[in-house]
$ cat query34.txt   # compact mmCIF, C-alpha atoms and all ligand atoms
# COMPACT_ATOMS: atom_id res chain seq x y z
CA MET A 281 2.57 205.54 138.37
CA SER A 282 3.40 207.88 141.23
CA TYR A 283 3.87 211.65 140.98
CA LEU A 284 7.13 212.93 142.37
CA SER A 285 8.75 216.32 142.66
CA VAL A 286 12.12 216.74 140.98
CA ASP A 287 13.82 216.70 144.39
CA GLN A 288 12.03 213.53 145.45
CA ALA A 289 12.93 211.72 142.23
CA ARG A 290 16.56 212.81 142.50
CA GLU A 291 16.76 211.76 146.14
CA ARG A 292 15.27 208.36 145.30
CA ILE A 293 17.80 207.79 142.56
CA LEU A 294 20.74 209.04 144.63
CA SER A 295 19.79 206.78 147.54
CA HIS A 296 20.69 203.77 145.38
CA PHE A 297 24.28 204.87 144.73
CA GLN A 298 27.54 204.88 146.65
CA PRO A 299 30.98 206.10 145.62
CA VAL A 300 32.91 203.63 143.47
CA THR A 301 36.26 202.18 144.54
CA THR A 302 39.48 204.17 144.75
CA GLU A 303 42.87 204.01 143.07
CA ALA A 304 46.26 205.66 143.61
CA LEU A 305 47.36 207.72 140.62
CA PRO A 306 50.36 209.86 139.78
CA LEU A 307 49.46 213.54 140.02
CA GLU A 308 49.63 213.85 136.23
CA GLY A 309 46.61 211.60 135.91
CA CYS A 310 44.44 213.30 138.52
CA SER A 311 42.89 216.14 136.56
CA HIS A 312 39.17 216.32 137.34
CA ARG A 313 39.27 213.26 139.53
CA VAL A 314 37.78 213.31 143.01
CA LEU A 315 40.07 213.10 146.01
CA ALA A 316 39.55 209.93 148.08
CA GLU A 317 41.70 210.99 151.05
CA ASP A 318 42.12 214.04 153.26
CA ILE A 319 45.26 215.98 152.45
CA VAL A 320 47.29 217.28 155.39
CA ALA A 321 50.24 219.57 154.72
CA ALA A 322 53.59 217.99 155.58
CA ASN A 323 55.40 221.32 155.39
CA ASP A 324 54.76 225.04 155.67
CA LEU A 325 53.94 227.00 152.55
CA PRO A 326 55.91 228.93 151.63
CA PRO A 327 58.60 226.69 153.15
CA PHE A 328 60.93 229.64 153.95
CA ASP A 329 60.79 233.44 154.17
CA ASN A 330 61.28 234.61 150.60
CA SER A 331 61.36 237.77 148.58
CA SER A 332 58.32 238.84 146.56
CA MET A 333 60.47 241.24 144.51
CA ASP A 334 63.74 241.47 142.65
CA GLY A 335 65.71 243.88 144.79
CA PHE A 336 67.95 244.16 147.82
CA ALA A 337 67.51 242.44 151.16
CA VAL A 338 68.07 244.96 153.95
CA ARG A 339 67.83 245.57 157.65
CA ALA A 340 64.84 247.93 157.70
CA GLU A 341 66.40 250.06 160.41
CA ASP A 342 69.35 250.80 158.07
CA VAL A 343 67.11 252.48 155.51
CA GLU A 344 64.39 253.97 157.66
CA ASP A 345 65.38 257.51 156.64
CA ALA A 346 66.28 256.80 153.00
CA THR A 347 64.79 259.14 150.36
CA SER A 348 65.76 259.93 146.78
CA GLU A 349 67.26 263.23 148.00
CA ALA A 350 69.13 261.53 150.84
CA PRO A 351 69.71 257.95 149.69
CA ARG A 352 71.33 255.43 151.98
CA SER A 353 74.36 253.52 150.67
CA LEU A 354 74.77 249.87 151.58
CA ARG A 355 77.54 247.42 150.83
CA VAL A 356 76.45 244.44 148.75
CA ILE A 357 77.90 241.30 150.34
CA ALA A 358 76.05 238.55 148.52
CA ASP A 359 73.93 237.67 145.50
CA ILE A 360 71.00 235.40 146.23
CA PRO A 361 69.29 233.85 143.21
CA ALA A 362 66.14 231.74 143.58
CA GLY A 363 67.00 228.21 144.65
CA LYS A 364 70.16 229.07 146.61
CA HIS A 365 70.23 228.87 150.37
CA PRO A 366 72.01 232.02 151.67
CA THR A 367 74.76 231.32 154.21
CA ILE A 368 75.52 234.95 155.04
CA SER A 369 74.06 237.07 157.79
CA LEU A 370 73.53 240.80 157.19
CA GLU A 371 75.26 243.22 159.53
CA THR A 372 74.46 246.92 159.82
CA GLY A 373 75.23 248.74 156.55
CA GLN A 374 75.14 245.57 154.47
CA THR A 375 72.72 244.30 151.84
CA ALA A 376 72.39 241.36 149.43
CA ARG A 377 70.94 241.36 145.96
CA ILE A 378 67.95 239.03 146.00
CA MET A 379 65.61 237.65 143.35
CA THR A 380 61.90 236.96 143.53
CA GLY A 381 61.29 233.68 145.35
CA ALA A 382 64.81 233.55 146.81
CA GLU A 383 65.30 232.85 150.50
CA VAL A 384 65.74 235.94 152.66
CA PRO A 385 69.14 235.83 154.40
CA ALA A 386 69.61 235.94 158.14
CA GLY A 387 69.72 239.48 159.49
CA ALA A 388 67.47 240.90 156.76
CA ASN A 389 63.88 241.82 157.53
CA ALA A 390 62.80 243.67 154.38
CA VAL A 391 63.43 243.80 150.65
CA VAL A 392 63.79 247.06 148.73
CA PRO A 393 62.64 246.65 145.11
CA VAL A 394 65.37 247.24 142.53
CA GLU A 395 63.33 250.16 141.13
CA GLU A 396 63.87 252.01 144.41
CA THR A 397 67.67 251.87 144.09
CA ASP A 398 70.33 253.33 141.83
CA PHE A 399 71.04 249.87 140.39
CA ASN A 400 68.97 249.67 137.22
CA ASP A 401 70.84 247.07 135.26
CA ARG A 402 68.48 244.11 135.25
CA ASP A 403 69.83 242.24 132.22
CA ALA A 404 70.37 238.53 132.74
CA GLY A 405 73.89 237.75 133.89
CA THR A 406 74.66 241.22 135.26
CA PRO A 407 76.73 240.90 138.44
CA PRO A 408 75.57 242.85 141.50
CA PRO A 409 77.22 246.22 142.26
CA GLU A 410 79.63 246.62 145.16
CA GLU A 411 77.52 249.38 146.64
CA VAL A 412 73.90 250.30 146.14
CA ARG A 413 72.03 253.47 146.99
CA ILE A 414 68.56 252.97 148.45
CA PHE A 415 66.01 255.68 147.62
CA ASN A 416 63.07 254.63 149.80
CA ALA A 417 62.51 253.65 153.38
CA ALA A 418 61.41 250.09 154.13
CA LYS A 419 59.53 248.76 157.13
CA PRO A 420 60.11 245.33 158.68
CA GLY A 421 58.35 242.65 156.60
CA TRP A 422 58.07 244.66 153.42
CA ASN A 423 58.25 242.50 150.27
CA ILE A 424 58.85 239.35 152.27
CA ARG A 425 56.49 236.37 152.04
CA PRO A 426 56.94 234.74 155.43
CA ARG A 427 57.24 231.02 155.90
CA GLY A 428 53.83 229.40 156.54
CA MET A 429 51.91 232.45 155.32
CA ASP A 430 49.61 230.32 153.11
CA ILE A 431 49.56 226.96 154.84
CA LEU A 432 50.98 225.60 158.07
CA SER A 433 52.43 222.12 158.42
CA GLY A 434 49.77 219.79 159.82
CA GLN A 435 46.89 221.82 158.40
CA LEU A 436 44.03 219.92 156.69
CA VAL A 437 44.20 221.44 153.25
CA LEU A 438 41.87 219.42 151.01
CA HIS A 439 38.98 217.22 152.07
CA LYS A 440 38.14 213.80 150.70
CA GLY A 441 35.42 214.30 148.11
CA ARG A 442 36.96 217.40 146.59
CA LEU A 443 37.12 217.78 142.82
CA LEU A 444 40.73 218.15 141.69
CA LYS A 445 40.68 221.16 139.41
CA PRO A 446 43.92 222.55 137.93
CA GLN A 447 44.56 224.76 140.95
CA GLU A 448 44.15 221.83 143.39
CA LEU A 449 46.71 219.86 141.34
CA GLY A 450 49.16 222.73 141.67
CA LEU A 451 48.62 222.85 145.41
CA LEU A 452 49.19 219.10 145.74
CA ALA A 453 52.45 219.49 143.84
CA MET A 454 53.47 222.35 146.15
CA LEU A 455 52.82 220.06 149.10
CA GLY A 456 55.03 217.35 147.64
CA ILE A 457 52.21 214.92 146.92
CA ALA A 458 53.10 213.06 143.75
CA ASN A 459 50.68 210.15 144.17
CA VAL A 460 47.09 210.72 145.10
CA LEU A 461 44.30 208.44 146.19
CA VAL A 462 41.31 209.26 143.99
CA PHE A 463 38.03 207.61 143.15
CA ARG A 464 38.15 205.70 139.91
CA ARG A 465 35.92 207.01 137.17
CA PRO A 466 32.48 205.40 137.13
CA ARG A 467 31.92 203.27 134.02
CA VAL A 468 28.71 203.99 132.17
CA ALA A 469 27.22 201.92 129.35
CA LEU A 470 25.16 204.10 127.03
CA PHE A 471 22.68 203.18 124.36
CA SER A 472 19.94 204.81 122.35
CA SER A 473 16.85 202.95 121.32
CA GLY A 474 14.50 203.14 118.39
CA ASP A 475 13.93 201.67 114.94
CA GLU A 476 13.94 205.18 113.50
CA LEU A 477 17.55 205.92 114.40
CA LEU A 478 20.33 206.24 111.85
CA PRO A 479 24.01 207.01 112.46
CA PRO A 480 25.10 210.56 111.62
CA ASP A 481 26.96 209.49 108.48
CA ALA A 482 23.94 207.75 106.95
CA ALA A 483 21.81 209.36 104.25
CA LEU A 484 18.35 210.19 105.52
CA GLU A 485 15.64 207.70 104.67
CA GLU A 486 11.89 208.12 104.83
CA GLY A 487 10.63 208.06 108.38
CA LYS A 488 14.09 207.96 109.90
CA ILE A 489 16.08 210.46 111.91
CA ARG A 490 19.66 210.51 113.05
CA ASP A 491 20.59 209.39 116.53
CA SER A 492 21.69 212.52 118.34
CA ASN A 493 21.29 211.36 121.93
CA SER A 494 24.22 208.93 121.71
CA PHE A 495 26.51 211.86 121.04
CA THR A 496 25.04 214.40 123.43
CA LEU A 497 24.79 211.92 126.29
CA ALA A 498 28.23 210.37 125.76
CA ALA A 499 29.77 213.81 125.93
CA LEU A 500 27.75 214.67 129.02
CA VAL A 501 28.86 211.46 130.74
CA GLU A 502 32.49 212.30 130.04
CA ASP A 503 31.96 215.90 131.09
CA ALA A 504 30.63 214.61 134.40
CA GLY A 505 33.90 212.74 134.96
CA ALA A 506 32.79 209.22 134.04
CA GLU A 507 33.97 206.77 131.40
CA VAL A 508 31.49 206.00 128.66
CA MET A 509 31.06 202.68 126.83
CA ARG A 510 29.02 203.39 123.73
CA LEU A 511 26.82 200.44 122.98
CA GLY A 512 25.11 201.97 119.97
CA VAL A 513 21.42 201.63 119.18
CA ALA A 514 18.95 199.05 120.45
CA ARG A 515 16.19 198.30 117.98
CA ASP A 516 12.57 198.15 119.07
CA ASN A 517 12.49 194.43 119.78
CA HIS A 518 13.19 192.24 122.76
CA ASP A 519 16.33 190.54 121.43
CA SER A 520 18.11 193.72 120.41
CA VAL A 521 17.53 195.40 123.78
CA LYS A 522 18.54 192.20 125.58
CA ALA A 523 21.78 191.92 123.60
CA LEU A 524 22.87 195.44 124.60
CA LEU A 525 21.97 194.98 128.25
CA GLU A 526 23.99 191.76 128.31
CA ARG A 527 26.93 193.60 126.78
CA ALA A 528 26.70 196.12 129.60
CA VAL A 529 26.80 193.24 132.09
CA ASP A 530 29.91 191.81 130.39
CA LEU A 531 31.58 195.21 130.57
CA GLN A 532 30.96 195.32 134.34
CA VAL A 533 29.73 198.88 134.22
CA ASP A 534 28.55 200.84 137.23
CA LEU A 535 25.52 202.31 135.49
CA ILE A 536 23.46 201.63 132.38
CA LEU A 537 22.08 204.78 130.77
CA SER A 538 19.69 204.77 127.86
CA SER A 539 17.44 207.15 126.03
CA ALA A 540 13.97 206.49 124.61
CA GLY A 541 12.00 203.30 124.55
CA VAL A 542 10.96 203.61 128.17
CA SER A 543 7.50 205.05 127.66
CA VAL A 544 4.58 202.74 127.71
CA GLY A 545 4.17 202.59 123.94
CA ALA A 546 3.68 199.32 122.10
CA PHE A 547 7.30 199.38 120.90
CA ASP A 548 8.95 200.31 124.18
CA PHE A 549 10.71 197.08 125.03
CA VAL A 550 13.26 198.31 127.53
CA LYS A 551 11.01 197.90 130.56
CA GLN A 552 10.05 194.37 129.55
CA VAL A 553 13.65 193.25 129.05
CA ILE A 554 14.90 194.88 132.25
CA GLU A 555 12.15 193.14 134.20
CA SER A 556 13.14 189.79 132.69
CA ASN A 557 16.32 190.00 134.79
CA GLY A 558 15.71 192.76 137.32
CA SER A 559 13.18 195.38 138.20
CA MET A 560 12.11 198.76 136.94
CA ASP A 561 10.05 201.69 138.19
CA PHE A 562 8.61 204.58 136.25
CA TRP A 563 8.07 207.83 138.00
CA ARG A 564 6.05 210.65 136.59
CA VAL A 565 8.13 213.62 137.70
CA ASN A 566 6.46 216.98 137.99
CA MET A 567 8.85 218.61 135.51
CA ARG A 568 9.10 220.04 132.03
CA PRO A 569 10.53 218.95 129.70
CA GLY A 570 10.47 215.36 130.78
CA LYS A 571 8.45 212.28 130.52
CA PRO A 572 8.65 209.75 133.29
CA VAL A 573 12.13 208.88 134.42
CA ALA A 574 12.75 205.16 134.41
CA PHE A 575 14.92 203.72 137.14
CA GLY A 576 15.74 200.12 137.85
CA HIS A 577 18.34 197.41 138.02
CA TYR A 578 19.35 194.87 135.41
CA ASN A 579 21.27 191.91 136.71
CA GLY A 580 22.16 194.03 139.73
CA ILE A 581 23.42 197.02 137.72
CA PRO A 582 21.56 200.31 138.18
CA PHE A 583 19.72 201.53 135.10
CA ILE A 584 18.46 205.04 134.31
CA GLY A 585 16.22 205.48 131.29
CA LEU A 586 16.00 209.03 129.95
CA PRO A 587 13.33 210.28 127.57
CA GLY A 588 13.99 210.04 123.82
CA ASN A 589 13.37 213.63 122.87
CA PRO A 590 16.80 215.23 122.66
CA VAL A 591 16.12 218.20 124.95
CA SER A 592 14.31 216.02 127.47
CA ALA A 593 17.28 213.65 127.47
CA PHE A 594 19.66 216.55 128.06
CA VAL A 595 17.61 218.08 130.87
CA GLY A 596 17.03 214.65 132.42
CA PHE A 597 20.77 214.11 132.41
CA GLU A 598 21.48 217.44 134.08
CA VAL A 599 18.76 217.00 136.69
CA PHE A 600 19.19 213.33 137.58
CA VAL A 601 22.27 211.75 136.02
CA ARG A 602 24.93 214.39 136.64
CA PRO A 603 24.41 214.39 140.43
CA THR A 604 24.27 210.59 140.35
CA LEU A 605 27.62 210.40 138.56
CA GLY A 606 28.93 212.98 141.00
CA LYS A 607 27.95 210.83 143.95
CA MET A 608 29.38 207.72 142.30
CA SER A 609 32.60 209.63 141.64
CA GLY A 610 32.91 210.37 145.35
CA LEU A 611 32.05 214.08 145.16
CA LEU A 612 31.10 215.43 148.55
CA ASN A 613 28.91 218.14 147.12
CA THR A 614 26.74 217.19 144.16
CA ALA A 615 24.41 220.19 144.36
CA ARG A 616 24.74 222.40 141.32
CA PRO A 617 25.27 226.10 141.96
CA ALA A 618 22.61 228.30 140.36
CA VAL A 619 22.86 231.96 139.50
CA ARG A 620 20.14 234.54 140.10
CA VAL A 621 18.89 236.11 136.90
CA ARG A 622 16.24 238.67 136.02
CA CYS A 623 13.66 237.68 133.40
CA ALA A 624 13.59 240.13 130.50
CA GLU A 625 10.09 239.12 129.49
CA GLN A 626 6.96 237.53 130.91
CA ILE A 627 7.14 233.74 130.88
CA ASP A 628 4.11 231.49 131.08
CA SER A 629 4.50 228.07 132.61
CA ASP A 630 2.17 225.18 133.39
CA GLY A 631 2.87 224.66 137.08
CA ARG A 632 5.51 221.98 136.59
CA GLU A 633 9.13 222.63 137.61
CA SER A 634 10.46 223.79 134.26
CA TYR A 635 13.94 223.96 132.80
CA LEU A 636 13.72 226.41 129.93
CA ARG A 637 16.37 227.18 127.36
CA ALA A 638 17.60 230.72 127.78
CA THR A 639 20.46 233.06 127.17
CA VAL A 640 21.85 234.82 130.18
CA GLN A 641 23.93 237.95 129.79
CA THR A 642 24.99 240.90 131.90
CA GLU A 643 23.00 244.07 131.32
CA ASP A 644 23.50 247.13 133.54
CA GLY A 645 25.29 245.00 136.10
CA THR A 646 22.66 242.27 136.48
CA LEU A 647 22.23 238.93 134.75
CA VAL A 648 19.27 239.02 132.42
CA ALA A 649 17.61 235.91 130.94
CA ARG A 650 15.74 235.57 127.65
CA LEU A 651 14.21 232.38 126.25
CA THR A 652 15.80 231.11 123.07
CA GLY A 653 12.54 230.52 121.28
CA HIS A 654 10.54 227.40 120.67
CA GLN A 655 10.70 225.19 123.77
CA GLY A 656 9.52 221.93 122.20
CA SER A 657 11.37 218.98 123.69
CA GLY A 658 12.60 217.83 120.29
CA ASN A 659 14.08 221.21 119.38
CA LEU A 660 17.77 220.77 120.00
CA HIS A 661 18.60 223.95 118.09
CA SER A 662 17.05 226.17 120.77
CA LEU A 663 19.16 224.32 123.35
CA VAL A 664 22.27 224.98 121.29
CA GLN A 665 21.37 228.68 121.20
CA ALA A 666 21.02 228.75 124.99
CA ASN A 667 23.74 229.19 127.59
CA ALA A 668 21.50 228.46 130.56
CA LEU A 669 18.56 226.48 131.81
CA LEU A 670 16.13 228.86 133.45
CA ILE A 671 14.31 227.19 136.33
CA ILE A 672 10.62 227.99 136.85
CA PRO A 673 9.58 226.56 140.22
CA ALA A 674 6.72 224.10 140.57
CA GLY A 675 3.36 225.77 141.11
CA VAL A 676 4.20 228.90 139.11
CA LYS A 677 2.06 229.65 136.05
CA CYS A 678 3.26 233.11 135.17
CA VAL A 679 6.57 234.84 135.76
CA PRO A 680 6.22 238.60 135.18
CA ALA A 681 8.98 240.49 133.36
CA GLY A 682 11.59 241.73 135.80
CA GLN A 683 11.16 238.88 138.30
CA GLU A 684 14.22 237.04 139.52
CA LEU A 685 14.68 233.30 138.99
CA GLN A 686 17.46 230.76 139.37
CA ALA A 687 19.34 229.47 136.34
CA TRP A 688 21.96 226.84 135.67
CA LEU A 689 24.69 227.93 133.31
CA ILE A 690 25.33 225.24 130.70
P1 LIG B 1 10.41 207.40 122.49
O1 LIG B 1 10.76 207.65 123.93
O2 LIG B 1 11.05 206.17 121.97
O3 LIG B 1 8.94 207.45 122.29
O4 LIG B 1 11.04 208.62 121.68
C1 LIG B 1 10.58 209.94 121.86
C2 LIG B 1 11.06 210.86 120.75
O5 LIG B 1 12.46 210.98 120.80
C3 LIG B 1 10.75 210.35 119.35
O6 LIG B 1 10.41 211.46 118.53
C4 LIG B 1 12.05 209.75 118.89
O7 LIG B 1 12.20 209.70 117.52
C5 LIG B 1 13.04 210.69 119.53
N1 LIG B 1 14.31 210.03 119.75
C6 LIG B 1 14.46 208.86 120.41
N2 LIG B 1 15.74 208.51 120.47
C7 LIG B 1 16.44 209.48 119.86
C8 LIG B 1 17.83 209.68 119.62
N3 LIG B 1 18.72 208.79 120.03
N4 LIG B 1 18.20 210.78 118.95
C9 LIG B 1 17.28 211.67 118.55
N5 LIG B 1 15.96 211.55 118.77
C10 LIG B 1 15.52 210.46 119.40
MG MG B 2 11.08 204.95 120.44

$ encode --input "query34.txt" --output "C-alpha cells" --more "lines below"
Ligand code: AMP
Ligand code: MG
Amino acid sequence: MSYLSVDQARERILSHFQPVTTEALPLEGCSHRVLAEDIVAANDLPPFDNSSMDGFAVRAEDVEDATSEAPRSLRVIADIPAGKHPTISLETGQTARIMTGAEVPAGANAVVPVEETDFNDRDAGTPPPEEVRIFNAAKPGWNIRPRGMDILSGQLVLHKGRLLKPQELGLLAMLGIANVLVFRRPRVALFSSGDELLPPDAALEEGKIRDSNSFTLAALVEDAGAEVMRLGVARDNHDSVKALLERAVDLQVDLILSSAGVSVGAFDFVKQVIESNGSMDFWRVNMRPGKPVAFGHYNGIPFIGLPGNPVSAFVGFEVFVRPTLGKMSGLLNTARPAVRVRCAEQIDSDGRESYLRATVQTEDGTLVARLTGHQGSGNLHSLVQANALLIIPAGVKCVPAGQELQAWLI
C-alpha cells in the first residue's frame, strides 16, 4: 500500500473523471446546475435609460438654480409609468412624472425625486399635477440608470462551468435566456456495508448499531448537486455485495459510493467482489480521520470506498468525493474556499493532515476556532456540534494558541 498526501490522492481520483453529458433545461429547472455553455448578452442591460426614482424627469439646465426658497416651476406634459415607452420629447420648462424603472423620455437628462418637489401625493392612482415646483438642483445623469450600465450586448457574461445560483438564474432571465444548456446531474449509487447495521426504525439488538452513513452520505451527494440511488446495506458476504454492485450497473450510474467494508479485515468483501469484475486500489492517505481510501472500477463504473466510521466517511466525502462530483457536474472550479481562523487553544496533532471538528465564530473582529471535544472518528455528535473542519497541515505536531489556520465551513 502506497502513502499519499491528501492532494495526491485527490488528484489521482480526479484524473479518472470527466464531466457528464449535457441537457437543455427550462430556466425553472436550472437551480444549482452547472452551465454547459458560455452566455453572451444579446442585449444591453439595462436595455434603456431608466429612472432609479419615483419623481419628475427634467432637463437639468432648467433646474440648475432650484432651491426650496426659490423653487423652479415646470409644466407636467406626460405621465410615464414603468413599462410604457414615452413618445414625448421634453422642451425647456417641461417635465414628466416618471416612476422607478420607467424609460426616460427624450429631452430629459435627469430625474428629480418626488420628495424634492411640492407634489407629495404618492397614493396609487393619483393623477400627476399640471405644474410642479422643484426644490433642488439636478445635474445631468442624476437618478438615471443609463442603458448598458451593467452589461453590454455581446459581452461574455457567464462562463461554461459556472454554478447557477439564484442570482445567476435572475441574470439569465434578464438576458432573455429561457432555456439553458447545463450538465446533467451525475448519478451516484450509494450503499453501506456491514452485518452490524440496522435501519433507523429498528429496535437496537445486541451487537448492532444503526446505519447512519446511508443518510449522511445520501444528503451529502444531493448537496453536491448529484442524484443519489440508495441501494441500502450490503451484508458482509460475497453475494450480498455482488448483488448491490450489479444493481448499480443496471442503474447505469456514473459513480458507485460505499462506506465501510473496504479495510483488509476478514469480513471486508468489497475489494474481493470489485476485483471479480474490475480493479481496486487502496491508498493509505496521510490524513486524519481516515483510513485508506479505496478507489477502483466495477464493470467500468468508477467506485470510491469511504471508511465506515461516520466522521471518517463525512471527512472522506468532503475531501475526495465532493470535488469529484463537482468535476463530474462540469464545475470549472472544484477547489473549496477556506477561511482563515485563529485557534483559541493549543492543538496537538500527529503530523498527518487533519480535519478537526471545530466551531468558528467571530470574536473581536476575527474568526476564532475551538474544537468541539472528543475527536474520535466514530463520534458523530462532535461533528454535529461543529460548524467547521479545522485543517492542521501535514507535518505539524503542535499548533500554539493564537496561531492562524485554514478551515472549511460546513
Ligand atoms: P469497517 O470499515 O467495516 O471496519 O467499519 C468501521 C467502523 O464503522 C465500525 O465501527 C462500523 O460499525 C462503523 N460503521 C460502518 N458502517 C457504518 C454505517 N453505515 N453507519 C454507522 N457506522 C458504521
Ligand atoms: Mg464492517

$ closest_atom_pairs --input "query34.txt" --of "region 513-612 of chain A" --to "region 286-299 of chain A" --cutoff "12 Å" --atoms "only C-alpha atoms" --output "JSON lines"
{"residue": "A:Asp534", "atom": "CA", "partner": "A:Phe297", "partner_atom": "CA", "distance": 9.5}
{"residue": "A:Leu535", "atom": "CA", "partner": "A:Phe297", "partner_atom": "CA", "distance": 9.7}
{"residue": "A:Asp561", "atom": "CA", "partner": "A:Ile293", "partner_atom": "CA", "distance": 10.8}
{"residue": "A:Phe562", "atom": "CA", "partner": "A:Ala289", "partner_atom": "CA", "distance": 10.3}
{"residue": "A:Trp563", "atom": "CA", "partner": "A:Ala289", "partner_atom": "CA", "distance": 7.5}
{"residue": "A:Arg564", "atom": "CA", "partner": "A:Ala289", "partner_atom": "CA", "distance": 9.0}
{"residue": "A:Val565", "atom": "CA", "partner": "A:Val286", "partner_atom": "CA", "distance": 6.0}
{"residue": "A:Asn566", "atom": "CA", "partner": "A:Val286", "partner_atom": "CA", "distance": 6.4}
{"residue": "A:Met567", "atom": "CA", "partner": "A:Val286", "partner_atom": "CA", "distance": 6.6}
{"residue": "A:Arg568", "atom": "CA", "partner": "A:Val286", "partner_atom": "CA", "distance": 10.0}
{"residue": "A:Pro569", "atom": "CA", "partner": "A:Val286", "partner_atom": "CA", "distance": 11.6}
{"residue": "A:Gly570", "atom": "CA", "partner": "A:Val286", "partner_atom": "CA", "distance": 10.4}
{"residue": "A:Lys571", "atom": "CA", "partner": "A:Val286", "partner_atom": "CA", "distance": 11.9}
{"residue": "A:Pro572", "atom": "CA", "partner": "A:Ala289", "partner_atom": "CA", "distance": 10.1}
{"residue": "A:Val573", "atom": "CA", "partner": "A:Ala289", "partner_atom": "CA", "distance": 8.3}
{"residue": "A:Ala574", "atom": "CA", "partner": "A:Ile293", "partner_atom": "CA", "distance": 9.9}
{"residue": "A:Phe575", "atom": "CA", "partner": "A:Ile293", "partner_atom": "CA", "distance": 7.4}
{"residue": "A:Gly576", "atom": "CA", "partner": "A:Ile293", "partner_atom": "CA", "distance": 9.2}
{"residue": "A:His577", "atom": "CA", "partner": "A:His296", "partner_atom": "CA", "distance": 10.0}
{"residue": "A:Gly580", "atom": "CA", "partner": "A:His296", "partner_atom": "CA", "distance": 11.4}
{"residue": "A:Ile581", "atom": "CA", "partner": "A:Phe297", "partner_atom": "CA", "distance": 10.6}
{"residue": "A:Pro582", "atom": "CA", "partner": "A:His296", "partner_atom": "CA", "distance": 8.0}
{"residue": "A:Phe583", "atom": "CA", "partner": "A:Ile293", "partner_atom": "CA", "distance": 9.9}
{"residue": "A:Ile584", "atom": "CA", "partner": "A:Ile293", "partner_atom": "CA", "distance": 8.7}
{"residue": "A:Gly585", "atom": "CA", "partner": "A:Ile293", "partner_atom": "CA", "distance": 11.6}
{"residue": "A:Val595", "atom": "CA", "partner": "A:Val286", "partner_atom": "CA", "distance": 11.6}
{"residue": "A:Gly596", "atom": "CA", "partner": "A:Val286", "partner_atom": "CA", "distance": 10.1}
{"residue": "A:Phe597", "atom": "CA", "partner": "A:Arg290", "partner_atom": "CA", "distance": 11.0}
{"residue": "A:Glu598", "atom": "CA", "partner": "A:Arg290", "partner_atom": "CA", "distance": 10.8}
{"residue": "A:Val599", "atom": "CA", "partner": "A:Arg290", "partner_atom": "CA", "distance": 7.5}
{"residue": "A:Phe600", "atom": "CA", "partner": "A:Arg290", "partner_atom": "CA", "distance": 5.6}
{"residue": "A:Val601", "atom": "CA", "partner": "A:Arg290", "partner_atom": "CA", "distance": 8.7}
{"residue": "A:Arg602", "atom": "CA", "partner": "A:Arg290", "partner_atom": "CA", "distance": 10.3}
{"residue": "A:Pro603", "atom": "CA", "partner": "A:Leu294", "partner_atom": "CA", "distance": 7.7}
{"residue": "A:Thr604", "atom": "CA", "partner": "A:Leu294", "partner_atom": "CA", "distance": 5.8}
{"residue": "A:Leu605", "atom": "CA", "partner": "A:Pro299", "partner_atom": "CA", "distance": 8.9}
{"residue": "A:Gly606", "atom": "CA", "partner": "A:Pro299", "partner_atom": "CA", "distance": 8.5}
{"residue": "A:Lys607", "atom": "CA", "partner": "A:Pro299", "partner_atom": "CA", "distance": 5.9}
{"residue": "A:Met608", "atom": "CA", "partner": "A:Pro299", "partner_atom": "CA", "distance": 4.0}
{"residue": "A:Ser609", "atom": "CA", "partner": "A:Pro299", "partner_atom": "CA", "distance": 5.6}
{"residue": "A:Gly610", "atom": "CA", "partner": "A:Pro299", "partner_atom": "CA", "distance": 4.7}
{"residue": "A:Leu611", "atom": "CA", "partner": "A:Pro299", "partner_atom": "CA", "distance": 8.1}
{"residue": "A:Leu612", "atom": "CA", "partner": "A:Pro299", "partner_atom": "CA", "distance": 9.8}

$ closest_residue --input "query34.txt" --among "A:Asn330, A:Asn416, A:Thr375, A:Gln665" --to "Gly653 (chain A)" --atoms "only C-alpha atoms"
A:Gln665

$ residues_near_ligand --input "query34.txt" --ligand "ligand MG 2 (chain B)" --cutoff "6 Å" --atoms "all atoms listed in the file" --output "number ranges by chain"
A: 474, 540-541

$ closest_residue --input "query34.txt" --among "A:Glu526, A:Glu395, A:Asp630, A:Asp430" --to "Leu451 (chain A)" --atoms "all atoms listed in the file"
A:Asp430

$ closest_residue --input "query34.txt" --among "A:Arg413, A:Arg527, A:His518, A:Lys445" --to "Gln552 (chain A)" --atoms "only C-alpha atoms"
A:His518

$ residues_near_ligand --input "query34.txt" --ligand "ligand LIG 1 (chain B)" --cutoff "9 Å" --atoms "all atoms listed in the file" --output "PyMOL selection string"
chain A and resi 471-478+488-496+513+516+538-545+547-548+571+586-590+592-593+657-658

$ closest_residue --input "query34.txt" --among "A:Leu669, A:Leu443, A:Val676, A:Leu305" --to "Leu689 (chain A)" --atoms "all atoms listed in the file"
A:Leu669

$ residues_around --input "query34.txt" --residues "Lys440 (chain A)" --least-positions-apart "4" --cutoff "10 Å" --atoms "all atoms listed in the file" --output "MDAnalysis selection string"
chainID A and resid 314:319 461:463 610:612

$ write_last_selection --input "query34.txt" --atoms "C-alpha atoms" --output "PDB file, in the frame of the given file"
ATOM      1  CA  VAL A 314      37.780 213.310 143.010  1.00  0.00           C
ATOM      2  CA  LEU A 315      40.070 213.100 146.010  1.00  0.00           C
ATOM      3  CA  ALA A 316      39.550 209.930 148.080  1.00  0.00           C
ATOM      4  CA  GLU A 317      41.700 210.990 151.050  1.00  0.00           C
ATOM      5  CA  ASP A 318      42.120 214.040 153.260  1.00  0.00           C
ATOM      6  CA  ILE A 319      45.260 215.980 152.450  1.00  0.00           C
ATOM      7  CA  LEU A 461      44.300 208.440 146.190  1.00  0.00           C
ATOM      8  CA  VAL A 462      41.310 209.260 143.990  1.00  0.00           C
ATOM      9  CA  PHE A 463      38.030 207.610 143.150  1.00  0.00           C
ATOM     10  CA  GLY A 610      32.910 210.370 145.350  1.00  0.00           C
ATOM     11  CA  LEU A 611      32.050 214.080 145.160  1.00  0.00           C
ATOM     12  CA  LEU A 612      31.100 215.430 148.550  1.00  0.00           C
TER      13      LEU A 612
END

$ closest_residue --input "query34.txt" --among "A:Met429, A:Val591, A:Ile627, A:Ala615" --to "Leu651 (chain A)" --atoms "all atoms listed in the file"
A:Ile627
